[in-house]
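Novice: The file below is target29.cif, mmCIF, C-alpha atoms:
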```
data_structure
loop_
_atom_site.group_PDB
_atom_site.id
_atom_site.type_symbol
_atom_site.label_atom_id
_atom_site.label_comp_id
_atom_site.auth_asym_id
_atom_site.auth_seq_id
_atom_site.Cartn_x
_atom_site.Cartn_y
_atom_site.Cartn_z
ATOM 1 C CA MET Q 1 81.484 68.764 106.401
ATOM 2 C CA THR Q 2 83.548 66.221 104.606
ATOM 3 C CA ILE Q 3 83.281 62.533 103.904
ATOM 4 C CA VAL Q 4 86.582 60.801 103.272
ATOM 5 C CA ILE Q 5 86.111 57.567 101.320
ATOM 6 C CA ASP Q 6 88.656 54.783 101.094
ATOM 7 C CA ASP Q 7 89.700 54.566 97.450
ATOM 8 C CA ARG Q 8 89.133 50.786 97.458
ATOM 9 C CA GLU Q 9 85.391 51.166 98.040
ATOM 10 C CA PRO Q 10 83.051 50.096 95.211
ATOM 11 C CA ASP Q 11 82.384 52.558 92.388
ATOM 12 C CA SER Q 12 78.654 52.009 92.914
ATOM 13 C CA ILE Q 13 79.009 53.883 96.212
ATOM 14 C CA MET Q 14 81.814 56.303 95.314
ATOM 15 C CA ASN Q 15 79.872 57.566 92.285
ATOM 16 C CA LYS Q 16 76.893 58.504 94.490
ATOM 17 C CA VAL Q 17 78.731 60.083 97.418
ATOM 18 C CA SER Q 18 80.822 63.189 97.019
ATOM 19 C CA GLY Q 19 83.873 63.331 99.197
ATOM 20 C CA LEU Q 20 87.618 63.021 99.294
ATOM 21 C CA LYS Q 21 88.825 59.724 97.913
ATOM 22 C CA ARG Q 22 92.065 58.459 99.427
ATOM 23 C CA ARG Q 23 93.555 55.334 100.957
ATOM 24 C CA LEU Q 24 92.444 54.811 104.541
ATOM 25 C CA GLU Q 25 94.441 52.395 106.668
ATOM 26 C CA VAL Q 26 91.582 52.031 109.159
ATOM 27 C CA GLY Q 27 87.904 52.043 108.220
ATOM 28 C CA ASP Q 28 86.194 52.785 104.925
ATOM 29 C CA TYR Q 29 84.602 56.183 105.589
ATOM 30 C CA VAL Q 30 85.390 59.132 107.857
ATOM 31 C CA ILE Q 31 82.909 61.929 108.479
ATOM 32 C CA ASN Q 32 84.321 65.208 109.785
ATOM 33 C CA ASP Q 33 87.237 63.377 111.444
ATOM 34 C CA VAL Q 34 84.752 62.221 114.104
ATOM 35 C CA ILE Q 35 82.773 59.255 112.762
ATOM 36 C CA HIS Q 36 84.815 56.351 111.372
ATOM 37 C CA ILE Q 37 82.864 53.639 109.579
ATOM 38 C CA GLU Q 38 83.819 50.084 108.648
ATOM 39 C CA ARG Q 39 81.398 48.906 105.931
ATOM 40 C CA LYS Q 40 80.809 45.193 105.431
ATOM 41 C CA THR Q 41 78.528 43.216 103.176
ATOM 42 C CA CYS Q 42 77.163 40.084 104.830
ATOM 43 C CA SER Q 43 79.577 37.905 102.813
ATOM 44 C CA ASP Q 44 82.530 40.102 103.725
ATOM 45 C CA PHE Q 45 81.522 40.045 107.397
ATOM 46 C CA ILE Q 46 81.434 36.234 107.362
ATOM 47 C CA GLY Q 47 84.835 36.070 105.658
ATOM 48 C CA SER Q 48 86.298 38.520 108.140
ATOM 49 C CA VAL Q 49 84.999 36.421 111.056
ATOM 50 C CA TYR Q 50 86.643 33.308 109.598
ATOM 51 C CA ASP Q 51 90.028 34.987 109.194
ATOM 52 C CA GLN Q 52 89.594 37.043 112.406
ATOM 53 C CA ARG Q 53 90.121 40.299 110.456
ATOM 54 C CA ILE Q 54 86.918 41.885 111.837
ATOM 55 C CA PHE Q 55 88.244 41.770 115.396
ATOM 56 C CA GLU Q 56 91.447 43.633 114.489
ATOM 57 C CA GLN Q 57 89.507 46.094 112.312
ATOM 58 C CA THR Q 58 87.047 46.970 115.062
ATOM 59 C CA GLU Q 59 89.882 47.233 117.604
ATOM 60 C CA LEU Q 60 91.759 49.741 115.435
ATOM 61 C CA LEU Q 61 88.549 51.596 114.594
ATOM 62 C CA CYS Q 62 87.765 52.050 118.280
ATOM 63 C CA GLN Q 63 91.303 53.171 119.067
ATOM 64 C CA ILE Q 64 91.302 56.031 116.571
ATOM 65 C CA SER Q 65 87.663 57.106 116.429
ATOM 66 C CA LYS Q 66 85.498 59.138 118.699
ATOM 67 C CA MET Q 67 82.391 57.601 117.121
ATOM 68 C CA PRO Q 68 83.336 54.224 115.598
ATOM 69 C CA SER Q 69 80.682 52.399 113.577
ATOM 70 C CA LEU Q 70 80.360 49.019 111.910
ATOM 71 C CA ILE Q 71 77.684 48.967 109.213
ATOM 72 C CA ILE Q 72 76.631 45.617 107.764
ATOM 73 C CA ILE Q 73 74.798 45.646 104.436
ATOM 74 C CA GLY Q 74 72.385 42.909 103.443
ATOM 75 C CA ASN Q 75 70.250 40.163 104.912
ATOM 76 C CA MET Q 76 72.395 37.743 106.911
ATOM 77 C CA SER Q 77 69.768 34.958 106.907
ATOM 78 C CA SER Q 78 69.533 35.065 103.101
ATOM 79 C CA THR Q 79 73.321 35.198 102.733
ATOM 80 C CA ILE Q 80 73.784 32.160 104.996
ATOM 81 C CA ALA Q 81 71.026 30.235 103.186
ATOM 82 C CA GLU Q 82 72.681 30.980 99.830
ATOM 83 C CA MET Q 83 76.080 29.817 101.145
ATOM 84 C CA ILE Q 84 74.574 26.538 102.303
ATOM 85 C CA ARG Q 85 72.588 26.063 99.074
ATOM 86 C CA THR Q 86 75.675 26.585 96.909
ATOM 87 C CA SER Q 87 78.039 24.639 99.228
ATOM 88 C CA ARG Q 88 80.310 27.664 99.722
ATOM 89 C CA GLY Q 89 80.885 26.970 103.383
ATOM 90 C CA SER Q 90 78.822 26.908 106.494
ATOM 91 C CA PHE Q 91 78.116 29.746 108.830
ATOM 92 C CA SER Q 92 75.155 29.945 111.165
ATOM 93 C CA LEU Q 93 73.078 32.709 112.665
ATOM 94 C CA GLN Q 94 74.457 31.508 116.019
ATOM 95 C CA GLN Q 95 77.971 32.303 114.799
ATOM 96 C CA TYR Q 96 76.785 35.674 113.444
ATOM 97 C CA TYR Q 97 75.182 36.691 116.737
ATOM 98 C CA GLY Q 98 78.108 35.284 118.696
ATOM 99 C CA SER Q 99 80.537 37.364 116.633
ATOM 100 C CA LEU Q 100 78.436 40.493 117.114
ATOM 101 C CA ALA Q 101 78.217 39.808 120.855
ATOM 102 C CA SER Q 102 82.004 39.420 121.086
ATOM 103 C CA ILE Q 103 82.581 42.661 119.216
ATOM 104 C CA MET Q 104 80.041 44.522 121.357
ATOM 105 C CA ALA Q 105 81.500 43.157 124.595
ATOM 106 C CA GLN Q 106 85.022 44.178 123.600
ATOM 107 C CA HIS Q 107 83.973 47.607 122.282
ATOM 108 C CA PRO Q 108 80.969 49.030 124.133
ATOM 109 C CA GLY Q 109 81.310 52.387 122.308
ATOM 110 C CA LEU Q 110 81.084 50.845 118.839
ATOM 111 C CA SER Q 111 77.815 51.408 116.982
ATOM 112 C CA ILE Q 112 76.703 48.394 114.951
ATOM 113 C CA ILE Q 113 74.099 49.152 112.317
ATOM 114 C CA THR Q 114 72.521 46.895 109.709
ATOM 115 C CA VAL Q 115 70.898 48.099 106.504
ATOM 116 C CA ASP Q 116 69.187 46.080 103.792
ATOM 117 C CA ASN Q 117 71.075 47.360 100.761
ATOM 118 C CA GLU Q 118 73.673 49.731 99.365
ATOM 119 C CA ASN Q 119 71.130 52.515 98.722
ATOM 120 C CA GLN Q 120 70.131 52.495 102.395
ATOM 121 C CA PHE Q 121 73.815 52.641 103.323
ATOM 122 C CA ILE Q 122 74.335 55.662 101.077
ATOM 123 C CA THR Q 123 71.264 57.360 102.574
ATOM 124 C CA LEU Q 124 72.577 56.718 106.103
ATOM 125 C CA LEU Q 125 76.040 58.018 105.180
ATOM 126 C CA LEU Q 126 74.604 61.236 103.727
ATOM 127 C CA LYS Q 127 72.284 61.711 106.723
ATOM 128 C CA LEU Q 128 75.232 61.314 109.100
ATOM 129 C CA GLU Q 129 77.127 63.989 107.164
ATOM 130 C CA GLU Q 130 74.055 66.254 107.193
ATOM 131 C CA LYS Q 131 73.545 65.891 110.957
ATOM 132 C CA MET Q 132 77.233 66.470 111.672
ATOM 133 C CA SER Q 133 77.009 69.653 109.573
ATOM 134 C CA LYS Q 134 73.873 70.760 111.400
ATOM 135 C CA TYR Q 135 75.578 70.434 114.751
ATOM 136 C CA ASN Q 136 78.854 71.804 113.341
ATOM 137 C CA GLY Q 137 80.629 68.622 114.305
ATOM 138 C CA VAL Q 138 80.154 69.491 117.972
ATOM 139 C CA SER Q 139 80.443 66.504 120.242
ATOM 140 C CA SER Q 140 80.960 65.774 123.888
ATOM 141 C CA PHE Q 141 84.780 65.967 123.771
ATOM 142 C CA ASP Q 142 85.880 67.840 126.891
ATOM 143 C CA GLY Q 143 89.412 68.677 125.773
ATOM 144 C CA ARG Q 144 91.231 66.702 128.471
ATOM 145 C CA VAL Q 145 94.471 65.086 127.384
ATOM 146 C CA GLN Q 146 94.582 61.387 128.115
ATOM 147 C CA LYS Q 147 97.379 58.851 128.211
ATOM 148 C CA VAL Q 148 97.774 57.278 124.793
ATOM 149 C CA ASP Q 149 99.011 53.707 124.545
ATOM 150 C CA VAL Q 150 101.331 52.587 121.748
ATOM 151 C CA SER Q 151 98.670 50.748 119.725
ATOM 152 C CA THR Q 152 96.481 53.877 119.725
ATOM 153 C CA LYS Q 153 99.411 56.007 118.538
ATOM 154 C CA ILE Q 154 100.130 53.511 115.772
ATOM 155 C CA ALA Q 155 96.489 53.410 114.661
ATOM 156 C CA ALA Q 156 96.340 57.225 114.611
ATOM 157 C CA LEU Q 157 99.581 57.528 112.647
ATOM 158 C CA MET Q 158 98.282 54.977 110.110
ATOM 159 C CA GLN Q 159 95.619 57.541 109.127
ATOM 160 C CA ILE Q 160 98.327 59.666 107.490
ATOM 161 C CA PRO Q 161 98.317 58.965 103.732
ATOM 162 C CA GLY Q 162 101.176 56.635 102.794
ATOM 163 C CA VAL Q 163 101.874 55.548 106.374
ATOM 164 C CA GLY Q 164 101.270 51.855 106.923
ATOM 165 C CA ARG Q 165 101.725 49.775 110.062
ATOM 166 C CA GLU Q 166 105.525 49.488 109.742
ATOM 167 C CA LYS Q 167 106.119 53.237 109.314
ATOM 168 C CA ALA Q 168 103.566 54.052 112.010
ATOM 169 C CA THR Q 169 105.379 51.767 114.462
ATOM 170 C CA ILE Q 170 108.663 53.561 113.791
ATOM 171 C CA LEU Q 171 107.009 56.995 114.022
ATOM 172 C CA SER Q 172 105.258 56.087 117.278
ATOM 173 C CA LYS Q 173 108.649 55.689 118.953
ATOM 174 C CA ILE Q 174 109.717 59.158 117.816
ATOM 175 C CA VAL Q 175 106.422 60.883 118.533
ATOM 176 C CA SER Q 176 105.837 59.163 121.870
ATOM 177 C CA ILE Q 177 108.389 61.322 123.688
ATOM 178 C CA LYS Q 178 106.548 64.508 122.766
ATOM 179 C CA ILE Q 179 103.098 63.041 123.372
ATOM 180 C CA ASP Q 180 104.116 61.579 126.728
ATOM 181 C CA GLY Q 181 105.708 64.894 127.688
ATOM 182 C CA ILE Q 182 102.477 66.750 126.979
ATOM 183 C CA ASN Q 183 100.404 64.133 128.791
ATOM 184 C CA ASN Q 184 102.524 64.439 131.944
ATOM 185 C CA LEU Q 185 102.159 68.194 132.412
ATOM 186 C CA ASP Q 186 99.736 67.794 135.359
#
```
Could you quickly redo this structure as structure tokens?

Specialist:
Amino acid sequence: MTIVIDDREPDSIMNKVSGLKRRLEVGDYVINDVIHIERKTCSDFIGSVYDQRIFEQTELLCQISKMPSLIIIGNMSSTIAEMIRTSRGSFSLQQYYGSLASIMAQHPGLSIITVDNENQFITLLLKLEEKMSKYNGVSSFDGRVQKVDVSTKIAALMQIPGVGREKATILSKIVSIKIDGINNLD
């Protein structure tokens, strides 16, 4: 099994996890092309709620992944208390739970996991790889071809190294004819 790690992830994690390091357009980790993980520290999660980035990230993650996961590292209560103490903004547990509820309502298939620290995250990541290896990456995919909307095609194409949103949008127009042709073989 293979873990693909976004090359922008912290060295403190990359040095402890063996895997392919490359730029990922969606997510931070991919295990066996099945599990896609977006990793957030509590501070990063708060920032991504403020700028709405988390909602786009989870949308794209769910479009391209069979098993999308959001993993939040740290203690949110402590992070919020520290922000208030140091006057770096205000964010409440109500906002945190409200954001999680919105994400869960929009993406029922998304797993949201919290861990206390980076070491627990690394342990979870390695256990996920181990379990995927044990089950040979077998999942419940039944092989049926489904209609693919444009945003899903774009998100999938963005997984190709060097293909960003602009190139993926152009490619989706070219590829869509073939994909739609295959999908309509019924």

Novice: For a cut-off of 12 Å around (71.3, 58.8, 96.5), file coordinates, pick out all residues using all atoms listed in the file and list them as a ChimeraX atom specification.

Specialist: /Q:12-18,118-127

Novice: Counting all atoms listed in the file, figure out which residue out of Q:Gly74, Q:Gly89, Q:Pro68, Q:Gly162 gets nearest to Q:Met104.

Specialist: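 Between Q:Gly74, Q:Gly89, Q:Pro68, Q:Gly162, the residue approaching Q:Met104 most closely is Q:Pro68.
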
Novice: Counting only C-alpha atoms, which residues of stretch 14-63 of chain Q fall within 12 Å of stretch 82-87 of chain Q, and what is the closest atom pair for each with its distance in Å at one decimal, ordered by chain and rising number, as JSON lines?

Specialist:
```
{"residue": "Q:Cys42", "atom": "CA", "partner": "Q:Met83", "partner_atom": "CA", "distance": 11.0}
{"residue": "Q:Ser43", "atom": "CA", "partner": "Q:Met83", "partner_atom": "CA", "distance": 9.0}
{"residue": "Q:Ile46", "atom": "CA", "partner": "Q:Met83", "partner_atom": "CA", "distance": 10.4}
{"residue": "Q:Gly47", "atom": "CA", "partner": "Q:Met83", "partner_atom": "CA", "distance": 11.7}
```

Novice: Determine the residue membership of the PyMOL selection byres ((chain Q and resi 50) around 12) for the file above and supply it as a compact mmCIF listing (two decimals) with C-alpha atoms, in the coordinates of the input.

Specialist:
```
# COMPACT_ATOMS: atom_id res chain seq x y z
CA SER Q 43 79.58 37.90 102.81
CA ASP Q 44 82.53 40.10 103.72
CA PHE Q 45 81.52 40.04 107.40
CA ILE Q 46 81.43 36.23 107.36
CA GLY Q 47 84.84 36.07 105.66
CA SER Q 48 86.30 38.52 108.14
CA VAL Q 49 85.00 36.42 111.06
CA ASP Q 51 90.03 34.99 109.19
CA GLN Q 52 89.59 37.04 112.41
CA ARG Q 53 90.12 40.30 110.46
CA ILE Q 54 86.92 41.88 111.84
CA PHE Q 55 88.24 41.77 115.40
CA GLY Q 89 80.89 26.97 103.38
CA SER Q 90 78.82 26.91 106.49
CA PHE Q 91 78.12 29.75 108.83
CA GLN Q 95 77.97 32.30 114.80
CA TYR Q 96 76.78 35.67 113.44
CA SER Q 99 80.54 37.36 116.63
```

Novice: Measuring between only C-alpha atoms, which one of Q:Ile31, Q:Asp7, Q:Glu25, Q:Ile80 shows the shortest distance to Q:Ala168?

Specialist: Q:Glu25

Novice: Using the chain letters and numbers from the file, give me the residues hit by the PyMOL selection byres ((chain Q and resi 37) around 8), as JSON, numbers by chain.

Specialist: {"Q": [27, 28, 29, 30, 35, 36, 38, 39, 61, 68, 69, 70, 71]}

Novice: Would you put the residues from that selection into a file with C-alpha atoms, as a PDB file, in the coordinates of the input?

Specialist:
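Saved to part-v1.pdb:
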```pdb
ATOM      1  CA  GLY Q  27      87.904  52.043 108.220  1.00  0.00           C
ATOM      2  CA  ASP Q  28      86.194  52.785 104.925  1.00  0.00           C
ATOM      3  CA  TYR Q  29      84.602  56.183 105.589  1.00  0.00           C
ATOM      4  CA  VAL Q  30      85.390  59.132 107.857  1.00  0.00           C
ATOM      5  CA  ILE Q  35      82.773  59.255 112.762  1.00  0.00           C
ATOM      6  CA  HIS Q  36      84.815  56.351 111.372  1.00  0.00           C
ATOM      7  CA  GLU Q  38      83.819  50.084 108.648  1.00  0.00           C
ATOM      8  CA  ARG Q  39      81.398  48.906 105.931  1.00  0.00           C
ATOM      9  CA  LEU Q  61      88.549  51.596 114.594  1.00  0.00           C
ATOM     10  CA  PRO Q  68      83.336  54.224 115.598  1.00  0.00           C
ATOM     11  CA  SER Q  69      80.682  52.399 113.577  1.00  0.00           C
ATOM     12  CA  LEU Q  70      80.360  49.019 111.910  1.00  0.00           C
ATOM     13  CA  ILE Q  71      77.684  48.967 109.213  1.00  0.00           C
TER      14      ILE Q  71
END
```

Novice: Using all atoms listed in the file, find the one residue out of Q:Ile154, Q:Ala81, Q:Ile112, Q:Met132 that sits nearest to Q:Lys167.

Specialist: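 So, comparing all the options, the nearest one is Q:Ile154.
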
Novice: Rounded to one decimal in Å, what is the spacing between atom CA of Q:Thr41 and atom CA of Q:Lys131?

Specialist: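 We find that atom CA of Q:Thr41 and atom CA of Q:Lys131 lie 24.5 Å from each other.
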
Novice: Quick one: pull the distance between atom CA of Q:Leu24 and atom CA of Q:Glu130, Å, one decimal.

Specialist: 21.8 Å

Novice: Have a look at atom CA of Q:Tyr97 and atom CA of Q:Ile113 and let me know their distance in Å, one decimal.

Specialist: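 Spanning atom CA of Q:Tyr97 to atom CA of Q:Ile113 is a straight-line distance of 13.3 Å.
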
Novice: Find the residue from Q:Asn32, Q:Thr169, Q:Ser133, Q:Thr114 that sits nearest to Q:Leu157; use all atoms listed in the file when measuring.

Specialist: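 Using all atoms listed in the file, the shortest distance to Q:Leu157 belongs to Q:Thr169.
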
Novice: So, counting only C-alpha atoms, which residue among Q:Arg88, Q:Val163, Q:Thr79, Q:Glu59 is closest to Q:Gln106?

Specialist: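 Going through Q:Arg88, Q:Val163, Q:Thr79, Q:Glu59 one by one, the smallest distance to Q:Gln106 is for Q:Glu59.
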
Novice: How would you write, as a PyMOL selection string, the residues chosen by the PyMOL selection byres ((chain Q and resi 22) around 6) on this structure?

Specialist: chain Q and resi 6-7+21+23

Novice: Grab stretch 15-27 of chain Q from that structure and dump all heavy atoms to a file, as a tab-separated table (two decimals), in the first residue's frame.

Specialist:
```
chain	number	residue	atom	x	y	z
Q	15	ASN	N	8.86	13.35	7.81
Q	15	ASN	CA	10.05	12.60	8.22
Q	15	ASN	C	9.70	11.31	8.94
Q	15	ASN	O	10.54	10.43	9.09
Q	15	ASN	CB	10.95	13.46	9.11
Q	15	ASN	CG	11.57	14.61	8.34
Q	15	ASN	OD1	11.69	14.58	7.12
Q	15	ASN	ND2	11.95	15.66	9.05
Q	16	LYS	N	8.47	11.18	9.41
Q	16	LYS	CA	8.06	9.99	10.17
Q	16	LYS	C	7.15	9.05	9.39
Q	16	LYS	O	6.83	7.98	9.86
Q	16	LYS	CB	7.34	10.41	11.46
Q	16	LYS	CG	8.25	11.15	12.42
Q	16	LYS	CD	7.48	11.60	13.64
Q	16	LYS	CE	8.38	12.42	14.56
Q	16	LYS	NZ	7.63	13.02	15.67
Q	17	VAL	N	6.74	9.46	8.21
Q	17	VAL	CA	5.84	8.65	7.39
Q	17	VAL	C	6.48	8.43	6.03
Q	17	VAL	O	6.79	9.39	5.34
Q	17	VAL	CB	4.46	9.35	7.22
Q	17	VAL	CG1	3.55	8.55	6.31
Q	17	VAL	CG2	3.81	9.61	8.56
Q	18	SER	N	6.69	7.17	5.69
Q	18	SER	CA	7.25	6.91	4.37
Q	18	SER	C	6.12	6.89	3.36
Q	18	SER	O	5.04	6.37	3.61
Q	18	SER	CB	8.02	5.60	4.36
Q	18	SER	OG	7.17	4.53	4.66
Q	19	GLY	N	6.39	7.47	2.23
Q	19	GLY	CA	5.39	7.53	1.17
Q	19	GLY	C	5.89	8.39	0.04
Q	19	GLY	O	7.00	8.93	0.09
Q	20	LEU	N	5.08	8.50	-0.98
Q	20	LEU	CA	5.42	9.34	-2.12
Q	20	LEU	C	5.09	10.78	-1.78
Q	20	LEU	O	3.98	11.08	-1.33
Q	20	LEU	CB	4.60	8.92	-3.34
Q	20	LEU	CG	4.73	7.46	-3.78
Q	20	LEU	CD1	3.70	7.15	-4.86
Q	20	LEU	CD2	6.13	7.20	-4.29
Q	21	LYS	N	6.05	11.65	-1.97
Q	21	LYS	CA	5.82	13.07	-1.70
Q	21	LYS	C	5.64	13.78	-3.04
Q	21	LYS	O	6.51	13.74	-3.90
Q	21	LYS	CB	7.00	13.69	-0.94
Q	21	LYS	CG	6.96	13.40	0.54
Q	21	LYS	CD	8.07	12.47	0.93
Q	21	LYS	CE	8.07	12.25	2.43
Q	21	LYS	NZ	8.22	10.88	2.81
Q	22	ARG	N	4.46	14.38	-3.20
Q	22	ARG	CA	4.19	15.16	-4.42
Q	22	ARG	C	3.08	16.16	-4.13
Q	22	ARG	O	2.39	16.06	-3.12
Q	22	ARG	CB	3.84	14.27	-5.60
Q	22	ARG	CG	2.51	13.55	-5.50
Q	22	ARG	CD	2.26	12.76	-6.79
Q	22	ARG	NE	1.10	11.95	-6.72
Q	22	ARG	CZ	-0.13	12.34	-7.07
Q	22	ARG	NH1	-0.33	13.56	-7.51
Q	22	ARG	NH2	-1.15	11.53	-6.98
Q	23	ARG	N	2.91	17.10	-5.00
Q	23	ARG	CA	1.89	18.13	-4.83
Q	23	ARG	C	0.51	17.53	-5.07
Q	23	ARG	O	0.25	16.97	-6.12
Q	23	ARG	CB	2.16	19.27	-5.80
Q	23	ARG	CG	1.25	20.48	-5.74
Q	23	ARG	CD	1.35	21.27	-4.45
Q	23	ARG	NE	2.67	21.52	-3.95
Q	23	ARG	CZ	3.35	22.66	-4.06
Q	23	ARG	NH1	2.82	23.68	-4.67
Q	23	ARG	NH2	4.56	22.77	-3.54
Q	24	LEU	N	-0.35	17.66	-4.10
Q	24	LEU	CA	-1.75	17.24	-4.24
Q	24	LEU	C	-2.61	18.49	-4.36
Q	24	LEU	O	-2.48	19.40	-3.56
Q	24	LEU	CB	-2.20	16.41	-3.03
Q	24	LEU	CG	-1.50	15.07	-2.81
Q	24	LEU	CD1	-1.94	14.44	-1.49
Q	24	LEU	CD2	-1.79	14.13	-3.97
Q	25	GLU	N	-3.48	18.52	-5.32
Q	25	GLU	CA	-4.38	19.66	-5.49
Q	25	GLU	C	-5.56	19.59	-4.52
Q	25	GLU	O	-6.14	20.60	-4.18
Q	25	GLU	CB	-4.89	19.74	-6.93
Q	25	GLU	CG	-3.81	20.03	-7.96
Q	25	GLU	CD	-3.17	21.39	-7.78
Q	25	GLU	OE1	-3.85	22.35	-7.36
Q	25	GLU	OE2	-1.96	21.50	-8.06
Q	26	VAL	N	-5.91	18.37	-4.11
Q	26	VAL	CA	-7.02	18.17	-3.19
Q	26	VAL	C	-6.54	17.24	-2.08
Q	26	VAL	O	-6.01	16.18	-2.33
Q	26	VAL	CB	-8.24	17.54	-3.89
Q	26	VAL	CG1	-9.38	17.31	-2.90
Q	26	VAL	CG2	-8.72	18.41	-5.05
Q	27	GLY	N	-6.73	17.66	-0.84
Q	27	GLY	CA	-6.33	16.85	0.30
Q	27	GLY	C	-4.84	16.94	0.59
Q	27	GLY	O	-4.08	17.56	-0.14
```
